[in-house]
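Engineer: My questions all concern the structure below.
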Amino acid sequence: MSDRRPSPFKTLLEDEVCALILAAPDVYQVRFKNRAANSYLVVGSKRTIMIDVGLSSNYPHLLACLDHVGVTPDKIDMVVLSHEHLDHIGAAYHFNNSRTYIAAHRLAANKIMLRDDFSMLRKMFNEPNVPIDIDIWLEEGNMIDLGNFRLDVMYTPGHTSACISLFDPDKGLLFAADTLMPGGVMGGVFGSGSISDYIQSLERLKGLNSKILLSGHGRLSDTPQEDVRIAIQRSHGLLSDTAQLFDALDARANFEPIMQSVRDLNKLDDS
């Protein structure tokens with residue numbers, strides 16, 4: 001039997017694919033039960049945004065959740081993509097219209113608009129190969145003003161080089177995507193990611209006065225400080241494990257033949 005206390009967050013709607021959960025007043029989590037990432041709806045007094053949108057195949061279920069709270073796609077002013085992986089952005093092309101702006105960190109925007117299938121993990125998720133246009137390239141220090149929500153854009157690389165988190169300092173809402181998940185779970189380190197960058201990003205999140213963690217996968221958490229403490233501990237353990245693996249591979253002995261091959265390939269043909 002689980003020792004976890006009952007969730008303080010109310011489920012408003014649920015079907016076989018997803019659940020709609022009230023995270024805070026005017027903030028909703030669409031939690032998918034398949035491989036898609038969570039999506040978040042934030043209904044501001046001036047603007048309404050979504051943070052990540054899940055897989056394209058889940059779009060009808062996303063629409064049902066939006067309809068349940070009286071929001072239609074044409075009322076979405078902006079879709080913010082936390083990073084380039086398709087489980088977070090697959091349905092974004094449904095919002096490519098004159099009404100909704102699509103935003104992402106500049107590094108993610110570059111990969112998405114160039115349709116970098118390797119970075120986006122297209123084969124892993126088997127999403128349709130359609131263009132997703134990024135209208136706004138975000139940077140560290142930007143702020144998204146919704147009226148009654150003010151979301152600071154934080155550059156938090158580690159999972160990939162392009163990850164961002166959003167934080168409302170007044171309400172303590174931390175949208176951390178795959179950088180931090182409940183229980184201190186980390187999102188893994190992919191391609192352009194880095195364990196050391198991950199640690200630095202987690203340390204930044206540790207310094208926030210966050211009250212609710214709204215992550216890329218899994219449940220909502222009202223213990224984000226404990227979550228980030230565990231994640232930092234785990235990430236240092238991961239860094240140590242990879243160092244031991246590198247030593248076990250006898251890096252110097254393996255590295256020199258590789259470098260010699262590179263030098264041979266780059267020799268100038270002077271003859």
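Ligands are numbered from 1 in the order shown, residues from 1 within each chain, and chains are lettered A, B, ... in the order they appear in the structure tokens.
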Leaving out A:Ser194 and any residue of its chain fewer than 6 positions from it, which residues lie within 9 Å of it when counting only C-alpha atoms, given as a list of chain:residue names?
Structural biologist: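 Using only C-alpha atoms, the neighbours found are A:Pro157, A:Gly158, A:His159, A:Thr160, A:Ser161.
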Engineer: Next, the residues of the selection above should be written as a PDB file, in the first residue's frame with C-alpha atoms.
Structural biologist:
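Output contents, as saved in out-v1.pdb:
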ATOM      1  CA  PRO A 157      19.659  22.982 -20.291  1.00  0.00           C
ATOM      2  CA  GLY A 158      20.647  19.455 -19.372  1.00  0.00           C
ATOM      3  CA  HIS A 159      17.945  17.158 -20.713  1.00  0.00           C
ATOM      4  CA  THR A 160      18.790  18.809 -24.052  1.00  0.00           C
ATOM      5  CA  SER A 161      20.673  22.000 -24.876  1.00  0.00           C
TER       6      SER A 161
END
Engineer: I'd like the contact shell of A:Glu140 - 8 Å cut-off, only C-alpha atoms, skipping same-chain residues fewer than 3 positions apart - returned as a ChimeraX atom specification.
Structural biologist: /A:153-155
Engineer: Please provide as a PyMOL selection string all residues within 9 Å of A:Asp117, with the sequence filter that same-chain residues fewer than 6 positions apart are discarded (counting only C-alpha atoms).
Structural biologist: chain A and resi 111+123+129
Engineer: May I have the selected residues written with N, CA and C atoms, as an mmCIF file, in the first residue's frame?
Structural biologist:
data_model
loop_
_atom_site.group_PDB
_atom_site.id
_atom_site.type_symbol
_atom_site.label_atom_id
_atom_site.label_comp_id
_atom_site.auth_asym_id
_atom_site.auth_seq_id
_atom_site.Cartn_x
_atom_site.Cartn_y
_atom_site.Cartn_z
ATOM 1 N N LYS A 111 16.209 23.826 -34.248
ATOM 2 C CA LYS A 111 16.079 22.393 -34.545
ATOM 3 C C LYS A 111 14.708 22.067 -35.121
ATOM 4 N N LYS A 123 11.571 9.388 -35.011
ATOM 5 C CA LYS A 123 11.419 7.943 -35.174
ATOM 6 C C LYS A 123 10.868 7.296 -33.907
ATOM 7 N N ASN A 129 5.437 13.969 -40.361
ATOM 8 C CA ASN A 129 6.552 14.867 -40.692
ATOM 9 C C ASN A 129 6.004 16.148 -41.307
#
Engineer: Have a look at A:Val42, A:Leu66, A:Ala162, A:Met143 and name the one nearest to A:Asn110; count only C-alpha atoms.
Structural biologist: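 Of A:Val42, A:Leu66, A:Ala162, A:Met143, the one nearest A:Asn110, counting only C-alpha atoms, is A:Ala162.
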Engineer: Measuring between only C-alpha atoms, which one of A:Ile89, A:Ile144, A:Ile164, A:Ala177 shows the shortest distance to A:Thr48?
Structural biologist: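 Smallest distance to A:Thr48 is found for A:Ile144.
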Engineer: May I have the residues within 7 Å of A:Val228 as an NGL selection string, using only C-alpha atoms and disregarding those fewer than 4 positions away in the same chain?
Structural biologist: :A and (180 or 184 or 202 or 206 or 224 or 232)
Engineer: Could you please take those selected residues and save N, CA, C and O atoms as a JSON list (two decimals), in the first residue's frame?
Structural biologist:
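Final output, out27.json:
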[["chain", "number", "residue", "atom", "x", "y", "z"],
["A", 180, "LEU", "N", 12.77, 18.60, -14.31],
["A", 180, "LEU", "CA", 12.48, 18.12, -12.96],
["A", 180, "LEU", "C", 11.08, 17.55, -12.94],
["A", 180, "LEU", "O", 10.14, 18.17, -13.42],
["A", 184, "GLY", "N", 11.77, 13.77, -7.68],
["A", 184, "GLY", "CA", 13.17, 13.97, -8.04],
["A", 184, "GLY", "C", 13.59, 13.23, -9.29],
["A", 184, "GLY", "O", 14.78, 13.06, -9.56],
["A", 202, "LEU", "N", 19.33, 22.45, -12.18],
["A", 202, "LEU", "CA", 18.63, 22.04, -10.96],
["A", 202, "LEU", "C", 18.97, 22.94, -9.78],
["A", 202, "LEU", "O", 18.11, 23.26, -8.96],
["A", 206, "LYS", "N", 16.44, 25.03, -7.50],
["A", 206, "LYS", "CA", 16.48, 24.90, -6.04],
["A", 206, "LYS", "C", 16.36, 26.25, -5.36],
["A", 206, "LYS", "O", 15.78, 26.37, -4.27],
["A", 224, "PRO", "N", 7.90, 20.75, -4.44],
["A", 224, "PRO", "CA", 8.99, 20.92, -5.42],
["A", 224, "PRO", "C", 10.37, 21.07, -4.79],
["A", 224, "PRO", "O", 11.36, 20.66, -5.40],
["A", 232, "ILE", "N", 18.98, 16.67, -7.53],
["A", 232, "ILE", "CA", 20.38, 17.10, -7.48],
["A", 232, "ILE", "C", 21.26, 15.96, -6.97],
["A", 232, "ILE", "O", 22.34, 15.68, -7.52]]
Engineer: Choose the residue, out of A:Asp116, A:Glu84, A:Glu226, A:Asp145, that has the smallest atom-to-atom separation from A:Val43; count only C-alpha atoms.
Structural biologist: A:Asp145
Engineer: Can you work out the spacing between atom CA of A:Ala37 and atom CA of A:Asp170 in Å, to one decimal?
Structural biologist: 25.7 Å
